[in-house]
Amino acid sequence: MRKLNNDMALLAPHAPFEKYLPIRFQGVHLGFTKRVIYADLNLDIGGSGITTIMGPNGAGKSLILRMLAGLVQPDKGRIVYGEGAPLPAGQIGFVFQRPVLLRRSVLGNLLHALAIAGVDRLQRDEHANALLELGGMLHLAKSPARKLSGGEQQRLTLLRALAGKPGLLVLDEPSASLDPQATALIENIVLRASQCGVKVILVTHDQGQAARLADEIIFVHQGKVEQAQAAGAFLKNPASRQAKAYLNGELLID
Ligand SMILES: Nc1ncnc2c1ncn2[C@@H]1O[C@H](COP(=O)(O)OP(=O)(O)OP(=O)(O)O)[C@@H](O)[C@H]1O
C-alpha cells in the first residue's frame, strides 16, 4: 500500500484525465503523395486502462499515435477528446521507437523534463531521484544519457515522459529489440502508471506483451481499424479474418 501511495504521488496525472475520454477520431483522412493511409478513419478509444494497437508493418499504427500527439495533422476530419475541450499542454507523454535524449547526464535529462513541466526548482531533485528509483536507474544518475544501453535509454525516455505527470501516455513499440528483463522493467512502469490513472495507448507487435498489459486491443490493417476488443477475447478469437492471420504469423494480402 505504501508503494501505491508513493506511486500515486509520483505518477498520478496532474489533472484528472477522465473528462478527455473517449478519444474520438472522426472522419479522418490522411494521405501522402502516393498513398492514402486512412480514407475515413472513425475510431473511439474509450476505456481507461491500457489500449494496445496491433497490426502489420506499415499499417499506420505510428501515424495514429502521431496524430494524437499533434505531430501529424489529418487532411480532413478531427480528433476529439471527451466533450471536445482542447487538451491542455502537458497532458500527453510520448515514448517513440528511437529514444532522443539530450546530451546530458541521466539526471540532467530528467531535471530538464521537470523544468519544462513547471515543477518547482526546489522539488526537482527529489522528484528526479524518485523517478530514477522507480526505473531502477539511481546508480546511473551521473552517466551520460546517450551512452546508456538501448534498454536503459528506452527506460529513461519512459521516465522522462512521466516526469510531467501526464494523463495520457503514448508508447510506440517501447520494448522492440529489448531483452526480456529490460522489457519486464518497462512493462512494470507502464502498469504502475496505468494503476495510478494514466490512460495508456501502446503500439506493439508482441502478443505476449499485449496479453500482459492490454485491457483492450485495436487492430489496424490497410487503413481499416477494428474497434477496440477486450484483450483476452482478441488474442483468443479476433473479430476479423485479417487479425486472426496476423496473430498466426500469416502474410496479409488483403
Ligand atoms: N511523412 C511521411 N511521408 C510519406 N509516407 C509516410 C510518412 N509517414 C508515414 N508514412 C507511410 O505511412 C505508412 C504507415 O506508417 P506507420 O509508421 O504509421 O506504420 P506502422 O503501422 O507504425 O508500421 P511499423 O509496424 O513498421 O512501425 C507507411 O507506409 C509509411 O511509409
# chains A, B, ... in the order shown; residues from 1 in each chain; ligands from 1
$ residues_near_ligand --ligand "ligand 1" --cutoff "7 Å" --atoms "only C-alpha atoms and all ligand atoms" --output "ChimeraX atom specification"
/A:32-33,37,55-64
$ select_by_dssp --residues "stretch 24-130 of chain A" --states "strand (DSSP E or B)" --output "PyMOL selection string"
chain A and resi 24-32+35-45+50-54+76-81+92-95+105
$ atom_distance --atom1 "atom CA of A:Thr52" --atom2 "atom CA of A:Leu213"
8.2 Å
$ residues_around --residues "A:Glu83" --least-positions-apart "3" --cutoff "8 Å" --atoms "only C-alpha atoms" --output "PDB file with N, CA and C atoms, in the first residue's frame"
ATOM      1  N   LYS A  19     -12.212  13.236 -18.109  1.00  0.00           N
ATOM      2  CA  LYS A  19     -13.107  14.065 -18.926  1.00  0.00           C
ATOM      3  C   LYS A  19     -12.620  14.188 -20.371  1.00  0.00           C
ATOM      4  N   TYR A  20     -11.381  13.738 -20.645  1.00  0.00           N
ATOM      5  CA  TYR A  20     -10.871  13.781 -22.023  1.00  0.00           C
ATOM      6  C   TYR A  20     -11.091  12.451 -22.756  1.00  0.00           C
ATOM      7  N   VAL A  80     -11.178  14.257 -31.355  1.00  0.00           N
ATOM      8  CA  VAL A  80     -11.905  14.938 -30.282  1.00  0.00           C
ATOM      9  C   VAL A  80     -11.631  14.228 -28.952  1.00  0.00           C
TER      10      VAL A  80
END
$ select_by_dssp --residues "stretch 19-181 of chain A" --states "helix (DSSP H, G or I)" --output "ChimeraX atom specification"
/A:19-20,61-68,106-116,121-134,138-140,145-147,150-162,180-181
$ residues_around --residues "stretch 172-181 of chain A" --least-positions-apart "4" --cutoff "12 Å" --atoms "only C-alpha atoms" --output "PDB file with N, CA and C atoms, in the first residue's frame"
ATOM      1  N   THR A  52      -4.051  -1.273 -26.569  1.00  0.00           N
ATOM      2  CA  THR A  52      -2.928  -1.649 -27.419  1.00  0.00           C
ATOM      3  C   THR A  52      -3.355  -1.618 -28.874  1.00  0.00           C
ATOM      4  N   ILE A  53      -2.495  -1.059 -29.723  1.00  0.00           N
ATOM      5  CA  ILE A  53      -2.756  -1.042 -31.164  1.00  0.00           C
ATOM      6  C   ILE A  53      -1.825  -2.059 -31.811  1.00  0.00           C
ATOM      7  N   MET A  54      -2.407  -2.984 -32.571  1.00  0.00           N
ATOM      8  CA  MET A  54      -1.615  -4.009 -33.244  1.00  0.00           C
ATOM      9  C   MET A  54      -1.935  -3.982 -34.736  1.00  0.00           C
ATOM     10  N   GLY A  55      -1.043  -4.564 -35.541  1.00  0.00           N
ATOM     11  CA  GLY A  55      -1.277  -4.636 -36.976  1.00  0.00           C
ATOM     12  C   GLY A  55       0.046  -4.746 -37.694  1.00  0.00           C
ATOM     13  N   ASN A  57       3.362  -4.312 -40.269  1.00  0.00           N
ATOM     14  CA  ASN A  57       4.249  -3.181 -40.570  1.00  0.00           C
ATOM     15  C   ASN A  57       3.614  -2.293 -41.636  1.00  0.00           C
ATOM     16  N   GLY A  60      -0.076   1.793 -40.330  1.00  0.00           N
ATOM     17  CA  GLY A  60      -0.474   3.138 -39.918  1.00  0.00           C
ATOM     18  C   GLY A  60      -0.663   3.275 -38.417  1.00  0.00           C
ATOM     19  N   LYS A  61      -0.059   2.398 -37.662  1.00  0.00           N
ATOM     20  CA  LYS A  61      -0.204   2.441 -36.190  1.00  0.00           C
ATOM     21  C   LYS A  61       0.505   3.675 -35.621  1.00  0.00           C
ATOM     22  N   SER A  62       1.761   3.873 -36.054  1.00  0.00           N
ATOM     23  CA  SER A  62       2.510   5.029 -35.531  1.00  0.00           C
ATOM     24  C   SER A  62       1.822   6.331 -35.914  1.00  0.00           C
ATOM     25  N   LEU A  63       1.203   6.329 -37.103  1.00  0.00           N
ATOM     26  CA  LEU A  63       0.544   7.565 -37.536  1.00  0.00           C
ATOM     27  C   LEU A  63      -0.638   7.903 -36.628  1.00  0.00           C
ATOM     28  N   ILE A  64      -1.315   6.888 -36.116  1.00  0.00           N
ATOM     29  CA  ILE A  64      -2.400   7.161 -35.160  1.00  0.00           C
ATOM     30  C   ILE A  64      -1.805   7.859 -33.933  1.00  0.00           C
ATOM     31  N   LEU A  65      -0.676   7.356 -33.452  1.00  0.00           N
ATOM     32  CA  LEU A  65      -0.037   7.986 -32.283  1.00  0.00           C
ATOM     33  C   LEU A  65       0.424   9.406 -32.627  1.00  0.00           C
ATOM     34  N   ARG A  66       0.972   9.569 -33.843  1.00  0.00           N
ATOM     35  CA  ARG A  66       1.480  10.892 -34.222  1.00  0.00           C
ATOM     36  C   ARG A  66       0.344  11.903 -34.377  1.00  0.00           C
ATOM     37  N   ALA A  69      -0.617  12.957 -30.972  1.00  0.00           N
ATOM     38  CA  ALA A  69       0.370  13.879 -30.418  1.00  0.00           C
ATOM     39  C   ALA A  69       0.340  15.243 -31.089  1.00  0.00           C
ATOM     40  N   GLY A  93       2.307  12.283 -22.567  1.00  0.00           N
ATOM     41  CA  GLY A  93       3.716  11.891 -22.525  1.00  0.00           C
ATOM     42  C   GLY A  93       3.968  10.900 -23.649  1.00  0.00           C
ATOM     43  N   PHE A  94       5.086  11.053 -24.370  1.00  0.00           N
ATOM     44  CA  PHE A  94       5.368  10.201 -25.529  1.00  0.00           C
ATOM     45  C   PHE A  94       6.639   9.407 -25.361  1.00  0.00           C
ATOM     46  N   VAL A  95       6.581   8.177 -25.836  1.00  0.00           N
ATOM     47  CA  VAL A  95       7.807   7.384 -25.973  1.00  0.00           C
ATOM     48  C   VAL A  95       7.799   6.830 -27.391  1.00  0.00           C
ATOM     49  N   PHE A  96       8.721   7.323 -28.222  1.00  0.00           N
ATOM     50  CA  PHE A  96       8.761   6.860 -29.606  1.00  0.00           C
ATOM     51  C   PHE A  96       9.777   5.739 -29.771  1.00  0.00           C
ATOM     52  N   GLN A  97       9.769   5.165 -30.972  1.00  0.00           N
ATOM     53  CA  GLN A  97      10.578   3.956 -31.182  1.00  0.00           C
ATOM     54  C   GLN A  97      12.058   4.190 -30.939  1.00  0.00           C
ATOM     55  N   ARG A  98      12.573   5.329 -31.405  1.00  0.00           N
ATOM     56  CA  ARG A  98      14.009   5.592 -31.197  1.00  0.00           C
ATOM     57  C   ARG A  98      14.157   6.721 -30.191  1.00  0.00           C
ATOM     58  N   PRO A  99      14.715   6.414 -29.021  1.00  0.00           N
ATOM     59  CA  PRO A  99      14.824   7.448 -27.994  1.00  0.00           C
ATOM     60  C   PRO A  99      15.692   8.622 -28.467  1.00  0.00           C
ATOM     61  N   SER A 149      22.815   1.868 -22.530  1.00  0.00           N
ATOM     62  CA  SER A 149      22.396   0.789 -23.433  1.00  0.00           C
ATOM     63  C   SER A 149      21.008   1.122 -24.002  1.00  0.00           C
ATOM     64  N   GLY A 150      20.625   0.403 -25.050  1.00  0.00           N
ATOM     65  CA  GLY A 150      19.322   0.655 -25.672  1.00  0.00           C
ATOM     66  C   GLY A 150      18.180   0.535 -24.682  1.00  0.00           C
ATOM     67  N   GLY A 151      18.240  -0.523 -23.854  1.00  0.00           N
ATOM     68  CA  GLY A 151      17.168  -0.744 -22.887  1.00  0.00           C
ATOM     69  C   GLY A 151      17.127   0.362 -21.839  1.00  0.00           C
ATOM     70  N   GLU A 152      18.309   0.800 -21.405  1.00  0.00           N
ATOM     71  CA  GLU A 152      18.362   1.880 -20.399  1.00  0.00           C
ATOM     72  C   GLU A 152      17.868   3.192 -20.999  1.00  0.00           C
ATOM     73  N   GLN A 153      18.237   3.447 -22.238  1.00  0.00           N
ATOM     74  CA  GLN A 153      17.769   4.691 -22.884  1.00  0.00           C
ATOM     75  C   GLN A 153      16.242   4.683 -23.003  1.00  0.00           C
ATOM     76  N   GLN A 154      15.710   3.520 -23.345  1.00  0.00           N
ATOM     77  CA  GLN A 154      14.263   3.440 -23.506  1.00  0.00           C
ATOM     78  C   GLN A 154      13.577   3.661 -22.153  1.00  0.00           C
ATOM     79  N   ARG A 155      14.158   3.100 -21.094  1.00  0.00           N
ATOM     80  CA  ARG A 155      13.575   3.276 -19.760  1.00  0.00           C
ATOM     81  C   ARG A 155      13.654   4.743 -19.324  1.00  0.00           C
ATOM     82  N   LEU A 156      14.794   5.379 -19.609  1.00  0.00           N
ATOM     83  CA  LEU A 156      14.924   6.794 -19.253  1.00  0.00           C
ATOM     84  C   LEU A 156      13.907   7.634 -20.037  1.00  0.00           C
ATOM     85  N   THR A 157      13.712   7.288 -21.301  1.00  0.00           N
ATOM     86  CA  THR A 157      12.731   8.026 -22.110  1.00  0.00           C
ATOM     87  C   THR A 157      11.338   7.897 -21.501  1.00  0.00           C
ATOM     88  N   LEU A 158      11.038   6.700 -20.994  1.00  0.00           N
ATOM     89  CA  LEU A 158       9.730   6.481 -20.352  1.00  0.00           C
ATOM     90  C   LEU A 158       9.627   7.307 -19.060  1.00  0.00           C
ATOM     91  N   LEU A 159      10.674   7.292 -18.256  1.00  0.00           N
ATOM     92  CA  LEU A 159      10.649   8.082 -17.013  1.00  0.00           C
ATOM     93  C   LEU A 159      10.485   9.567 -17.346  1.00  0.00           C
ATOM     94  N   ALA A 161       9.036  10.814 -19.968  1.00  0.00           N
ATOM     95  CA  ALA A 161       7.655  11.058 -20.417  1.00  0.00           C
ATOM     96  C   ALA A 161       6.708  11.178 -19.229  1.00  0.00           C
ATOM     97  N   LEU A 185      11.044  -4.571 -17.127  1.00  0.00           N
ATOM     98  CA  LEU A 185      11.198  -3.319 -16.368  1.00  0.00           C
ATOM     99  C   LEU A 185      10.299  -2.229 -16.953  1.00  0.00           C
ATOM    100  N   ILE A 186      10.294  -2.151 -18.272  1.00  0.00           N
ATOM    101  CA  ILE A 186       9.430  -1.160 -18.943  1.00  0.00           C
ATOM    102  C   ILE A 186       7.956  -1.460 -18.637  1.00  0.00           C
ATOM    103  N   GLU A 187       7.576  -2.713 -18.783  1.00  0.00           N
ATOM    104  CA  GLU A 187       6.163  -3.077 -18.581  1.00  0.00           C
ATOM    105  C   GLU A 187       5.724  -2.785 -17.148  1.00  0.00           C
ATOM    106  N   ASN A 188       6.622  -3.029 -16.203  1.00  0.00           N
ATOM    107  CA  ASN A 188       6.299  -2.755 -14.805  1.00  0.00           C
ATOM    108  C   ASN A 188       5.963  -1.277 -14.597  1.00  0.00           C
ATOM    109  N   ILE A 189       6.741  -0.412 -15.201  1.00  0.00           N
ATOM    110  CA  ILE A 189       6.496   1.032 -15.035  1.00  0.00           C
ATOM    111  C   ILE A 189       5.184   1.426 -15.706  1.00  0.00           C
ATOM    112  N   VAL A 190       4.952   0.867 -16.899  1.00  0.00           N
ATOM    113  CA  VAL A 190       3.711   1.199 -17.627  1.00  0.00           C
ATOM    114  C   VAL A 190       2.493   0.758 -16.815  1.00  0.00           C
ATOM    115  N   VAL A 200      -3.176   4.735 -21.068  1.00  0.00           N
ATOM    116  CA  VAL A 200      -2.017   4.318 -21.860  1.00  0.00           C
ATOM    117  C   VAL A 200      -2.477   3.818 -23.227  1.00  0.00           C
ATOM    118  N   ILE A 201      -1.825   4.293 -24.281  1.00  0.00           N
ATOM    119  CA  ILE A 201      -2.049   3.764 -25.632  1.00  0.00           C
ATOM    120  C   ILE A 201      -0.689   3.303 -26.151  1.00  0.00           C
ATOM    121  N   LEU A 202      -0.630   2.033 -26.516  1.00  0.00           N
ATOM    122  CA  LEU A 202       0.657   1.401 -26.770  1.00  0.00           C
ATOM    123  C   LEU A 202       0.616   0.626 -28.085  1.00  0.00           C
ATOM    124  N   VAL A 203       1.582   0.872 -28.959  1.00  0.00           N
ATOM    125  CA  VAL A 203       1.713   0.051 -30.172  1.00  0.00           C
ATOM    126  C   VAL A 203       2.703  -1.066 -29.881  1.00  0.00           C
ATOM    127  N   THR A 204       2.328  -2.291 -30.220  1.00  0.00           N
ATOM    128  CA  THR A 204       3.266  -3.403 -30.060  1.00  0.00           C
ATOM    129  C   THR A 204       2.955  -4.495 -31.078  1.00  0.00           C
ATOM    130  N   HIS A 205       3.999  -5.249 -31.450  1.00  0.00           N
ATOM    131  CA  HIS A 205       3.794  -6.464 -32.257  1.00  0.00           C
ATOM    132  C   HIS A 205       3.864  -7.696 -31.373  1.00  0.00           C
ATOM    133  N   ASP A 206       4.152  -7.481 -30.116  1.00  0.00           N
ATOM    134  CA  ASP A 206       4.469  -8.588 -29.206  1.00  0.00           C
ATOM    135  C   ASP A 206       3.174  -9.073 -28.540  1.00  0.00           C
ATOM    136  N   GLN A 207       2.712 -10.236 -28.967  1.00  0.00           N
ATOM    137  CA  GLN A 207       1.446 -10.753 -28.419  1.00  0.00           C
ATOM    138  C   GLN A 207       1.546 -11.020 -26.920  1.00  0.00           C
ATOM    139  N   GLY A 208       2.735 -11.439 -26.484  1.00  0.00           N
ATOM    140  CA  GLY A 208       2.940 -11.667 -25.052  1.00  0.00           C
ATOM    141  C   GLY A 208       2.772 -10.363 -24.288  1.00  0.00           C
ATOM    142  N   GLN A 209       3.350  -9.306 -24.837  1.00  0.00           N
ATOM    143  CA  GLN A 209       3.229  -8.002 -24.188  1.00  0.00           C
ATOM    144  C   GLN A 209       1.773  -7.532 -24.168  1.00  0.00           C
ATOM    145  N   ALA A 210       1.084  -7.735 -25.282  1.00  0.00           N
ATOM    146  CA  ALA A 210      -0.333  -7.351 -25.334  1.00  0.00           C
ATOM    147  C   ALA A 210      -1.119  -8.125 -24.272  1.00  0.00           C
TER     148      ALA A 210
END
$ atom_distance --atom1 "atom CA of A:Asp125" --atom2 "atom CA of A:Leu111"
7.1 Å
$ residues_around --residues "A:Leu168" --least-positions-apart "6" --cutoff "6 Å" --atoms "only C-alpha atoms" --output "VMD selection string"
chain A and resid 92 198 to 200
$ atom_distance --atom1 "atom CA of A:Lys34" --atom2 "atom CA of A:Val72"
16.9 Å
$ closest_atom_pairs --of "stretch 82-177 of chain A" --to "stretch 7-13 of chain A" --cutoff "6 Å" --atoms "only C-alpha atoms" --output "CSV"
residue,atom,partner,partner_atom,distance
A:Lys165,CA,A:Pro13,CA,4.7
A:Pro166,CA,A:Pro13,CA,5.1
A:Gly167,CA,A:Pro13,CA,4.7
$ write_last_selection --atoms "N, CA and C atoms" --output "PDB file, in the first residue's frame"
ATOM      1  N   LYS A 165       3.824  14.125 -15.188  1.00  0.00           N
ATOM      2  CA  LYS A 165       2.586  13.522 -14.685  1.00  0.00           C
ATOM      3  C   LYS A 165       1.430  13.668 -15.686  1.00  0.00           C
ATOM      4  N   PRO A 166       1.651  13.144 -16.920  1.00  0.00           N
ATOM      5  CA  PRO A 166       0.608  13.287 -17.943  1.00  0.00           C
ATOM      6  C   PRO A 166      -0.603  12.408 -17.647  1.00  0.00           C
ATOM      7  N   GLY A 167      -1.735  12.758 -18.254  1.00  0.00           N
ATOM      8  CA  GLY A 167      -2.930  11.925 -18.130  1.00  0.00           C
ATOM      9  C   GLY A 167      -2.962  10.842 -19.184  1.00  0.00           C
TER      10      GLY A 167
END
$ residues_around --residues "A:Ala231" --least-positions-apart "4" --cutoff "6 Å" --atoms "only C-alpha atoms" --output "MDAnalysis selection string"
chainID A and resid 214:217
$ write_last_selection --atoms "C-alpha atoms" --output "PDB file, in the first residue's frame"
ATOM      1  CA  ALA A 214      -3.618  -4.643 -22.605  1.00  0.00           C
ATOM      2  CA  ASP A 215      -7.172  -4.158 -21.412  1.00  0.00           C
ATOM      3  CA  GLU A 216      -8.350  -3.694 -24.987  1.00  0.00           C
ATOM      4  CA  ILE A 217      -6.817  -4.131 -28.419  1.00  0.00           C
TER       5      ILE A 217
END
$ closest_residue --among "A:Ala243, A:Leu235, A:Pro16, A:Ala193" --to "A:Pro88" --atoms "only C-alpha atoms"
A:Pro16
$ closest_residue --among "A:Leu107, A:Val220, A:Leu171, A:Ala163" --to "A:Val119" --atoms "only C-alpha atoms"
A:Ala163
$ residues_around --residues "A:Tyr246" --least-positions-apart "2" --cutoff "10 Å" --atoms "only C-alpha atoms" --output "PyMOL selection string"
chain A and resi 54-56+205+219+221+238+240-244+248-252
$ write_last_selection --atoms "N, CA and C atoms" --output "short mmCIF file (atom, residue, chain, number, x, y, z; two decimals), in the first residue's frame"
data_model
loop_
_atom_site.label_atom_id
_atom_site.label_comp_id
_atom_site.auth_asym_id
_atom_site.auth_seq_id
_atom_site.Cartn_x
_atom_site.Cartn_y
_atom_site.Cartn_z
N MET A 54 -2.41 -2.98 -32.57
CA MET A 54 -1.62 -4.01 -33.24
C MET A 54 -1.94 -3.98 -34.74
N GLY A 55 -1.04 -4.56 -35.54
CA GLY A 55 -1.28 -4.64 -36.98
C GLY A 55 0.05 -4.75 -37.69
N PRO A 56 0.02 -5.14 -38.97
CA PRO A 56 1.27 -5.39 -39.69
C PRO A 56 2.10 -4.12 -39.90
N HIS A 205 4.00 -5.25 -31.45
CA HIS A 205 3.79 -6.46 -32.26
C HIS A 205 3.86 -7.70 -31.37
N PHE A 219 -7.09 -3.33 -33.82
CA PHE A 219 -6.31 -3.92 -34.91
C PHE A 219 -6.42 -3.05 -36.15
N HIS A 221 -5.34 -2.49 -40.22
CA HIS A 221 -4.86 -3.17 -41.43
C HIS A 221 -5.41 -2.45 -42.64
N PRO A 238 -9.97 -13.25 -32.49
CA PRO A 238 -10.13 -11.88 -33.00
C PRO A 238 -11.33 -11.74 -33.93
N SER A 240 -11.76 -10.19 -36.76
CA SER A 240 -11.64 -10.27 -38.22
C SER A 240 -10.70 -11.40 -38.65
N ARG A 241 -10.89 -11.82 -39.90
CA ARG A 241 -10.04 -12.85 -40.50
C ARG A 241 -8.59 -12.34 -40.59
N GLN A 242 -8.44 -11.04 -40.94
CA GLN A 242 -7.08 -10.48 -41.06
C GLN A 242 -6.34 -10.49 -39.73
N ALA A 243 -7.08 -10.17 -38.66
CA ALA A 243 -6.44 -10.15 -37.34
C ALA A 243 -6.01 -11.56 -36.96
N LYS A 244 -6.84 -12.53 -37.30
CA LYS A 244 -6.51 -13.92 -36.99
C LYS A 244 -5.23 -14.31 -37.74
N ASN A 248 -1.48 -15.33 -36.29
CA ASN A 248 -0.89 -16.62 -36.64
C ASN A 248 0.40 -16.48 -37.44
N GLY A 249 0.81 -15.22 -37.67
CA GLY A 249 2.05 -15.01 -38.42
C GLY A 249 1.91 -15.27 -39.90
N GLU A 250 0.68 -15.17 -40.42
CA GLU A 250 0.49 -15.39 -41.86
C GLU A 250 0.60 -14.07 -42.61
N LEU A 251 0.95 -14.17 -43.89
CA LEU A 251 1.05 -12.99 -44.73
C LEU A 251 -0.35 -12.43 -44.98
N LEU A 252 -0.49 -11.10 -44.82
CA LEU A 252 -1.80 -10.49 -45.08
C LEU A 252 -1.79 -9.88 -46.47
#
$ closest_residue --among "A:Lys147, A:His127, A:Leu71, A:Arg78" --to "A:Val106" --atoms "only C-alpha atoms"
A:Lys147
$ decode --residues "stretch 39-64 of chain A" --atoms "N, CA and C atoms" --output "mmCIF file, in the first residue's frame"
data_model
loop_
_atom_site.group_PDB
_atom_site.id
_atom_site.type_symbol
_atom_site.label_atom_id
_atom_site.label_comp_id
_atom_site.auth_asym_id
_atom_site.auth_seq_id
_atom_site.Cartn_x
_atom_site.Cartn_y
_atom_site.Cartn_z
ATOM 1 N N ALA A 39 -8.606 6.692 -45.355
ATOM 2 C CA ALA A 39 -9.552 7.435 -46.183
ATOM 3 C C ALA A 39 -10.669 8.020 -45.315
ATOM 4 N N ASP A 40 -11.068 7.274 -44.291
ATOM 5 C CA ASP A 40 -12.185 7.725 -43.449
ATOM 6 C C ASP A 40 -12.086 6.969 -42.117
ATOM 7 N N LEU A 41 -11.175 7.418 -41.302
ATOM 8 C CA LEU A 41 -10.909 6.711 -40.044
ATOM 9 C C LEU A 41 -11.852 7.208 -38.949
ATOM 10 N N ASN A 42 -12.639 6.274 -38.441
ATOM 11 C CA ASN A 42 -13.529 6.577 -37.307
ATOM 12 C C ASN A 42 -13.203 5.584 -36.207
ATOM 13 N N LEU A 43 -12.792 6.096 -35.090
ATOM 14 C CA LEU A 43 -12.295 5.205 -34.044
ATOM 15 C C LEU A 43 -12.536 5.845 -32.683
ATOM 16 N N ASP A 44 -13.073 5.051 -31.762
ATOM 17 C CA ASP A 44 -13.222 5.529 -30.385
ATOM 18 C C ASP A 44 -12.254 4.775 -29.500
ATOM 19 N N ILE A 45 -11.425 5.505 -28.796
ATOM 20 C CA ILE A 45 -10.586 4.878 -27.777
ATOM 21 C C ILE A 45 -11.206 5.301 -26.454
ATOM 22 N N GLY A 46 -11.998 4.363 -25.903
ATOM 23 C CA GLY A 46 -12.897 4.796 -24.854
ATOM 24 C C GLY A 46 -12.467 4.519 -23.454
ATOM 25 N N GLY A 47 -12.108 3.263 -23.203
ATOM 26 C CA GLY A 47 -11.923 2.864 -21.823
ATOM 27 C C GLY A 47 -10.686 3.466 -21.181
ATOM 28 N N SER A 48 -10.706 3.482 -19.854
ATOM 29 C CA SER A 48 -9.468 3.833 -19.169
ATOM 30 C C SER A 48 -8.575 2.587 -19.250
ATOM 31 N N GLY A 49 -7.445 2.597 -18.618
ATOM 32 C CA GLY A 49 -6.553 1.443 -18.674
ATOM 33 C C GLY A 49 -5.639 1.483 -19.892
ATOM 34 N N ILE A 50 -5.248 0.294 -20.365
ATOM 35 C CA ILE A 50 -4.238 0.227 -21.421
ATOM 36 C C ILE A 50 -4.870 -0.266 -22.720
ATOM 37 N N THR A 51 -4.784 0.565 -23.750
ATOM 38 C CA THR A 51 -5.249 0.208 -25.089
ATOM 39 C C THR A 51 -4.033 -0.101 -25.942
ATOM 40 N N THR A 52 -4.051 -1.273 -26.569
ATOM 41 C CA THR A 52 -2.928 -1.649 -27.419
ATOM 42 C C THR A 52 -3.355 -1.618 -28.874
ATOM 43 N N ILE A 53 -2.495 -1.059 -29.723
ATOM 44 C CA ILE A 53 -2.756 -1.042 -31.164
ATOM 45 C C ILE A 53 -1.825 -2.059 -31.811
ATOM 46 N N MET A 54 -2.407 -2.984 -32.571
ATOM 47 C CA MET A 54 -1.615 -4.009 -33.244
ATOM 48 C C MET A 54 -1.935 -3.982 -34.736
ATOM 49 N N GLY A 55 -1.043 -4.564 -35.541
ATOM 50 C CA GLY A 55 -1.277 -4.636 -36.976
ATOM 51 C C GLY A 55 0.046 -4.746 -37.694
ATOM 52 N N PRO A 56 0.018 -5.145 -38.966
ATOM 53 C CA PRO A 56 1.272 -5.387 -39.687
ATOM 54 C C PRO A 56 2.103 -4.120 -39.899
ATOM 55 N N ASN A 57 3.362 -4.312 -40.269
ATOM 56 C CA ASN A 57 4.249 -3.181 -40.570
ATOM 57 C C ASN A 57 3.614 -2.293 -41.636
ATOM 58 N N GLY A 58 3.721 -1.000 -41.418
ATOM 59 C CA GLY A 58 3.229 -0.057 -42.417
ATOM 60 C C GLY A 58 1.728 0.154 -42.399
ATOM 61 N N ALA A 59 1.033 -0.453 -41.443
ATOM 62 C CA ALA A 59 -0.433 -0.350 -41.419
ATOM 63 C C ALA A 59 -0.911 1.044 -41.038
ATOM 64 N N GLY A 60 -0.076 1.793 -40.330
ATOM 65 C CA GLY A 60 -0.474 3.138 -39.918
ATOM 66 C C GLY A 60 -0.663 3.275 -38.417
ATOM 67 N N LYS A 61 -0.059 2.398 -37.662
ATOM 68 C CA LYS A 61 -0.204 2.441 -36.190
ATOM 69 C C LYS A 61 0.505 3.675 -35.621
ATOM 70 N N SER A 62 1.761 3.873 -36.054
ATOM 71 C CA SER A 62 2.510 5.029 -35.531
ATOM 72 C C SER A 62 1.822 6.331 -35.914
ATOM 73 N N LEU A 63 1.203 6.329 -37.103
ATOM 74 C CA LEU A 63 0.544 7.565 -37.536
ATOM 75 C C LEU A 63 -0.638 7.903 -36.628
ATOM 76 N N ILE A 64 -1.315 6.888 -36.116
ATOM 77 C CA ILE A 64 -2.400 7.161 -35.160
ATOM 78 C C ILE A 64 -1.805 7.859 -33.933
#
